[in-house]
Each structure stands twice: as structure tokens, then as C-alpha cells.
Amino acid sequence: MTDGLPVVPPTLTRVERAIKASGRPPDDLIALVPPNYGRATVEKIAVNAVMAGCRPEYMPVVLAGVEAMCDEAFDLHGVSATTNFSSPLFIINGPIRKRLDVNCGVGVFGPGWRANATIGRALRLIAVNLGGARPGVISMSTMGHPGRYTYCIGEYEEENPWEPLHVEHGHAPSDSTVAAFAGDAPQGIYDHRSRTAGDLLTTIARSLGVVWHHKATALGDTLVVLSPEHARTIAGDGWSKKDIQRFLWELCQKPVKDLLAGKDGGEGLPEHVLAKIQSPETNETLIPKFRAPEHLKILVAGGTAGRFSAVIPGWTFPNGSNLVIKKIHSRD
Amino acid sequence: MPKDDRYLDPTDSVAVPRKTAPRPTTLDGKVVTLLDISKAKGDHLLDRIEELLRERTAPKAILRRKKPTFARPAPDDLRQQILQESHVVIEGLAD
């Protein structure tokens, strides 16, 4: 029933306090949690939130997180059962970040902030206790990753030169939201010397080029987390988010002849794709690594000092997991 | 501490752990479905299993079915079809 770490005992008093803070009746059904389809009522969510160490006022975020990861488009069934690395990453946007002291800045993927640590942990416990995602039983991830203890960040909107993630997805800037994204562990990108958008994004594109493996194609939602310094360099050259997505997408294309299985590694284009291509050994037709530029989700987070960014590979098969974003319904 | 401060259950007590169906003692005379989950080389594995089944057993029929994607559960109509037409299912993982 836990992640191996000690938990806060879910006493009736604590759970009732959490339910009250949610502003919802205890029996309200928020979602059925795949793959076992346990009933995530407000009360069951509160029990897990208490165990994770959440303050009562975090409850509206946890409820929205449950809605997001249980949405059909997220495919929690696959994410929880796969042999892949993936784990739901939760991204918080909007004014609630400040009210709950959600870390968006220095060490954003690391420890030190109760909201990030316990909201992510609560959602993980819910996936296990209500969804059945127990390691080695249903959760068959070969490697897992440390984000399976907790994986929750805020977007650093104040350092974001562009519109934040939730506004890009149709929410008002004054809304607070939580997004669920099925992600591997962050993969670091170092670039201290680029001073133009083109140079910096070329570095990022070459790092994106090895996501999954260097010949992987047809990938979907993938997260690019730009540090504030990197974001400033790119925006300073007048580039929009769409410009970034298009540039990265184009640079991540490779010719068919460089994507053959057995040449530079056993992986490569699948047989049913190769069957439609003439003379693949010499074919220069460019094949994109990502299905469309929009699948590259651009986010700004991390400390204000340091020219580092991160890529988070997704669980992105066609019909696999998509980023899902839900509004947080908070009473204040 | 208040009087009634018991611990609450974080799991869904309604969700009963599923039990597997009784195992058949023989495949002779049975309709066996080989379910390909659409992973790379899953068909290789199932081809070989089909060969071995035909060699070593006498099933009434061996049916081949395929999920549209390994990333999601089998669609309801496929599950119903398999349920109605077969006694035994062998699901082929791969990679």
C-alpha cells in the first residue's frame, strides 16, 4: 500500500480534514483508476493524500491530477503496465503554484518542497492502491525511474517569455491547472556557449535525436523543459514556441538510409514501413522522429542560473499516452 | 486523539482481485485462440507456438486474432468474440 517509504497514518480525523478542504462530498466519484478500475472517490483520494503527507489544501490539485491521469487520452492502463520507463509527471500551472508554494525554480525536479513531493507521491499511491500498479504484479517496468516515488513540478511562468502551458491549451492565465504527462526521467542538456536561438536549438535537437534510441521514429508527446536562461536566449532572437517546435521537428528528421535496422544498431524502421520504400539503402527521403511539431511540448522551469535544459521522453506510441490538462477547482 | 480515530483503507475494497479460470488438463478437442498484441515479432512467437500445438496436441481449431495496438486494452468486441469462439487463449507478448 506504500512506495516503500513510511507514510502518515490515514486516521479518520486527518482524512476528514482533507475531505473538507476539497469542498466535495466524500462519496463523489472522481474517476475509475485503470487498469484495475478502482473507484477514486474523494474519500479514497483523501486517504492516499494523507498517507503521502499532503496538506489538506493540496486536495483540489490531487483531485485534478486524478482526473488528468484517468482520462482516456492519457492511457494510464498502458502507462501503469508497460515494461517501459514511464511514470506520470504532473505539471502545475496558474496562481495556485504560489498559494501552495509549488517549486518551479531551482532544483525543480529535486527535493525540498512539500507540495511537489507530496502531491506527486499521492497521485502515485493512488495509481497503486486504486489502479493496482504494483511493481512486479501489474507494473512491469523493466527499469522504472526515481520519478515513480513522486514526479511533480510547477511551470516557472514568471520566467517564461511565451504563454504558459495551460494558456497554450486553452485555459485562462488566471486558471490553475494540472497536466499529466507520461515521462521517462529527465535527460539533461548542457549548452553554456550558444548565444543564438539557432545554435542553442540545434544542440537541443541533437539531444532530442537520441531519445528512445537514435533511429526511433513516429514519436508523439515529448517534453522539452527550457531553463530560464535558455528560454531568454531563444526568445531574445524573436522566436515563438511554434518556431521552436518547427525547428526542432525539422532537425530531428533523418533520411531512410540512416534508419535501417542492422545498420548502426539493430533498431530501425519497422518492416511494414520499409516494405513501402524503394531502395532503402540509398533512399534520402526524410523521416521525422516526431509525428508532428506540436508533439514537442515546450515548458519553462528550473533555476534562474545555469544554461541547462532537459528533455523528457514520453510513452508515445501511436494510440499511446498524450499530455492531458485539467482545471483545478479550488474554492479560493 | 479523538475516540474514533481508526485508520482508513487507501484501496478500493469493492475491487476484488481477479481469479484466473481453471486450467484445462488437455488442449485436445479445444478451440485455441492465439492473440497477437501487435508487438514487433509477436507473430514469430505465435507461428512457432501454433506449429508446436499442431505437433503435440489435437485441438479442434487454432484461431489467430490480433489487437489493434499493444498500448491499450483489447476492444470489447474483440474480447467478446474471443470469449464466444474459443476455450483457451494464448496471448503472445514479444520484443
# chains A, B, ... in the order shown; residues from 1 in each chain; ligands from 1
>>> interface_residues(of="chain B", to="chain A", cutoff="7 Å", atoms="only C-alpha atoms", output="PyMOL selection string")
chain B and resi 5-8+10-12+15+71-72
>>> residues_around(residues="Val88 of chain B", least_positions_apart="5", cutoff="9 Å", atoms="only C-alpha atoms", output="ChimeraX atom specification")
/B:23-24,27,30-34,82-83
>>> write_last_selection(atoms="N, CA and C atoms", output="PDB file, in the first residue's frame")
ATOM      1  N   ARG B  23      -7.415 -24.159 -15.195  1.00  0.00           N
ATOM      2  CA  ARG B  23      -6.560 -24.558 -16.323  1.00  0.00           C
ATOM      3  C   ARG B  23      -7.097 -25.841 -16.956  1.00  0.00           C
ATOM      4  N   PRO B  24      -7.147 -25.931 -18.270  1.00  0.00           N
ATOM      5  CA  PRO B  24      -7.589 -27.190 -18.896  1.00  0.00           C
ATOM      6  C   PRO B  24      -6.514 -28.264 -18.735  1.00  0.00           C
ATOM      7  N   LEU B  27      -5.438 -29.897 -24.337  1.00  0.00           N
ATOM      8  CA  LEU B  27      -5.895 -28.996 -25.399  1.00  0.00           C
ATOM      9  C   LEU B  27      -6.607 -29.768 -26.506  1.00  0.00           C
ATOM     10  N   LYS B  30     -10.075 -28.796 -28.153  1.00  0.00           N
ATOM     11  CA  LYS B  30     -10.404 -27.419 -27.739  1.00  0.00           C
ATOM     12  C   LYS B  30     -10.182 -26.442 -28.901  1.00  0.00           C
ATOM     13  N   VAL B  31     -10.920 -25.320 -28.847  1.00  0.00           N
ATOM     14  CA  VAL B  31     -10.644 -24.219 -29.781  1.00  0.00           C
ATOM     15  C   VAL B  31      -9.671 -23.267 -29.083  1.00  0.00           C
ATOM     16  N   VAL B  32      -8.505 -23.105 -29.696  1.00  0.00           N
ATOM     17  CA  VAL B  32      -7.444 -22.299 -29.079  1.00  0.00           C
ATOM     18  C   VAL B  32      -7.271 -21.007 -29.885  1.00  0.00           C
ATOM     19  N   THR B  33      -7.363 -19.870 -29.216  1.00  0.00           N
ATOM     20  CA  THR B  33      -7.085 -18.602 -29.893  1.00  0.00           C
ATOM     21  C   THR B  33      -5.674 -18.143 -29.549  1.00  0.00           C
ATOM     22  N   LEU B  34      -4.910 -17.788 -30.578  1.00  0.00           N
ATOM     23  CA  LEU B  34      -3.593 -17.192 -30.373  1.00  0.00           C
ATOM     24  C   LEU B  34      -3.744 -15.689 -30.608  1.00  0.00           C
ATOM     25  N   ILE B  82     -13.581 -13.433 -28.837  1.00  0.00           N
ATOM     26  CA  ILE B  82     -12.673 -14.481 -28.347  1.00  0.00           C
ATOM     27  C   ILE B  82     -13.385 -15.351 -27.315  1.00  0.00           C
ATOM     28  N   LEU B  83     -14.135 -14.681 -26.435  1.00  0.00           N
ATOM     29  CA  LEU B  83     -14.859 -15.388 -25.384  1.00  0.00           C
ATOM     30  C   LEU B  83     -15.841 -16.397 -25.981  1.00  0.00           C
TER      31      LEU B  83
END
>>> residues_around(residues="segment 297-303 of chain A", least_positions_apart="3", cutoff="8 Å", atoms="only C-alpha atoms", output="PDB file with N, CA and C atoms, in the first residue's frame")
ATOM      1  N   CYS A 104       8.928  25.827  -8.860  1.00  0.00           N
ATOM      2  CA  CYS A 104       9.032  25.924 -10.321  1.00  0.00           C
ATOM      3  C   CYS A 104      10.474  26.245 -10.714  1.00  0.00           C
ATOM      4  N   GLY A 105      11.285  26.585  -9.693  1.00  0.00           N
ATOM      5  CA  GLY A 105      12.606  27.148  -9.969  1.00  0.00           C
ATOM      6  C   GLY A 105      13.743  26.199  -9.662  1.00  0.00           C
ATOM      7  N   VAL A 106      14.665  26.667  -8.825  1.00  0.00           N
ATOM      8  CA  VAL A 106      15.916  25.937  -8.602  1.00  0.00           C
ATOM      9  C   VAL A 106      15.653  24.481  -8.184  1.00  0.00           C
ATOM     10  N   GLY A 107      16.354  23.570  -8.832  1.00  0.00           N
ATOM     11  CA  GLY A 107      16.208  22.135  -8.499  1.00  0.00           C
ATOM     12  C   GLY A 107      14.809  21.611  -8.705  1.00  0.00           C
ATOM     13  N   VAL A 108      14.157  22.053  -9.778  1.00  0.00           N
ATOM     14  CA  VAL A 108      12.712  21.820  -9.923  1.00  0.00           C
ATOM     15  C   VAL A 108      12.314  20.339  -9.879  1.00  0.00           C
ATOM     16  N   GLY A 154       6.174  22.658 -11.000  1.00  0.00           N
ATOM     17  CA  GLY A 154       5.391  23.799 -11.474  1.00  0.00           C
ATOM     18  C   GLY A 154       6.098  24.394 -12.674  1.00  0.00           C
ATOM     19  N   GLU A 155       5.324  25.037 -13.558  1.00  0.00           N
ATOM     20  CA  GLU A 155       5.989  25.779 -14.632  1.00  0.00           C
ATOM     21  C   GLU A 155       6.371  27.158 -14.099  1.00  0.00           C
ATOM     22  N   TYR A 156       7.570  27.610 -14.453  1.00  0.00           N
ATOM     23  CA  TYR A 156       8.049  28.916 -13.986  1.00  0.00           C
ATOM     24  C   TYR A 156       7.498  29.985 -14.932  1.00  0.00           C
ATOM     25  N   GLU A 157       6.217  30.295 -14.757  1.00  0.00           N
ATOM     26  CA  GLU A 157       5.540  31.203 -15.692  1.00  0.00           C
ATOM     27  C   GLU A 157       6.167  32.592 -15.685  1.00  0.00           C
ATOM     28  N   GLU A 159       9.168  33.383 -15.501  1.00  0.00           N
ATOM     29  CA  GLU A 159      10.401  33.394 -16.296  1.00  0.00           C
ATOM     30  C   GLU A 159      10.147  32.904 -17.725  1.00  0.00           C
ATOM     31  N   ASN A 160       8.880  32.707 -18.048  1.00  0.00           N
ATOM     32  CA  ASN A 160       8.530  32.165 -19.362  1.00  0.00           C
ATOM     33  C   ASN A 160       8.232  33.314 -20.327  1.00  0.00           C
ATOM     34  N   PRO A 164       2.231  30.343 -21.026  1.00  0.00           N
ATOM     35  CA  PRO A 164       2.486  29.099 -20.302  1.00  0.00           C
ATOM     36  C   PRO A 164       1.674  27.930 -20.869  1.00  0.00           C
ATOM     37  N   LEU A 165       2.011  26.734 -20.405  1.00  0.00           N
ATOM     38  CA  LEU A 165       1.410  25.506 -20.949  1.00  0.00           C
ATOM     39  C   LEU A 165      -0.114  25.543 -20.918  1.00  0.00           C
ATOM     40  N   ASP A 221       3.995  12.864 -27.976  1.00  0.00           N
ATOM     41  CA  ASP A 221       4.270  13.900 -26.972  1.00  0.00           C
ATOM     42  C   ASP A 221       5.589  13.675 -26.234  1.00  0.00           C
ATOM     43  N   THR A 222       6.423  14.681 -26.274  1.00  0.00           N
ATOM     44  CA  THR A 222       7.751  14.666 -25.657  1.00  0.00           C
ATOM     45  C   THR A 222       7.958  16.054 -25.058  1.00  0.00           C
ATOM     46  N   LEU A 223       8.514  16.087 -23.863  1.00  0.00           N
ATOM     47  CA  LEU A 223       8.615  17.369 -23.159  1.00  0.00           C
ATOM     48  C   LEU A 223      10.016  17.962 -23.315  1.00  0.00           C
ATOM     49  N   VAL A 224      10.062  19.261 -23.633  1.00  0.00           N
ATOM     50  CA  VAL A 224      11.330  19.995 -23.664  1.00  0.00           C
ATOM     51  C   VAL A 224      11.230  21.066 -22.583  1.00  0.00           C
ATOM     52  N   VAL A 225      12.001  20.895 -21.523  1.00  0.00           N
ATOM     53  CA  VAL A 225      11.930  21.827 -20.390  1.00  0.00           C
ATOM     54  C   VAL A 225      13.118  22.784 -20.493  1.00  0.00           C
ATOM     55  N   LEU A 226      12.824  24.027 -20.871  1.00  0.00           N
ATOM     56  CA  LEU A 226      13.880  25.021 -21.042  1.00  0.00           C
ATOM     57  C   LEU A 226      14.132  25.736 -19.726  1.00  0.00           C
ATOM     58  N   SER A 227      15.406  25.914 -19.385  1.00  0.00           N
ATOM     59  CA  SER A 227      15.720  26.710 -18.198  1.00  0.00           C
ATOM     60  C   SER A 227      15.462  28.186 -18.537  1.00  0.00           C
ATOM     61  N   PRO A 228      15.271  29.027 -17.523  1.00  0.00           N
ATOM     62  CA  PRO A 228      15.032  30.443 -17.800  1.00  0.00           C
ATOM     63  C   PRO A 228      16.119  31.079 -18.672  1.00  0.00           C
ATOM     64  N   ALA A 231      15.637  29.897 -22.206  1.00  0.00           N
ATOM     65  CA  ALA A 231      14.407  30.482 -22.771  1.00  0.00           C
ATOM     66  C   ALA A 231      14.667  31.921 -23.199  1.00  0.00           C
ATOM     67  N   LYS A 241       7.046  29.913 -29.644  1.00  0.00           N
ATOM     68  CA  LYS A 241       7.021  28.476 -29.345  1.00  0.00           C
ATOM     69  C   LYS A 241       6.836  27.654 -30.614  1.00  0.00           C
ATOM     70  N   GLN A 245       9.163  24.627 -32.055  1.00  0.00           N
ATOM     71  CA  GLN A 245       8.650  23.283 -32.368  1.00  0.00           C
ATOM     72  C   GLN A 245       8.991  22.884 -33.798  1.00  0.00           C
ATOM     73  N   GLU A 294       3.798  19.790 -33.082  1.00  0.00           N
ATOM     74  CA  GLU A 294       3.013  20.060 -31.863  1.00  0.00           C
ATOM     75  C   GLU A 294       3.257  19.038 -30.754  1.00  0.00           C
ATOM     76  N   GLY A 306      22.124  29.089 -14.772  1.00  0.00           N
ATOM     77  CA  GLY A 306      22.538  27.807 -15.341  1.00  0.00           C
ATOM     78  C   GLY A 306      21.965  27.596 -16.714  1.00  0.00           C
TER      79      GLY A 306
END
>>> atom_distance(atom1="atom CA of Ile30 of chain A", atom2="atom CA of Pro146 of chain A")
27.1 Å
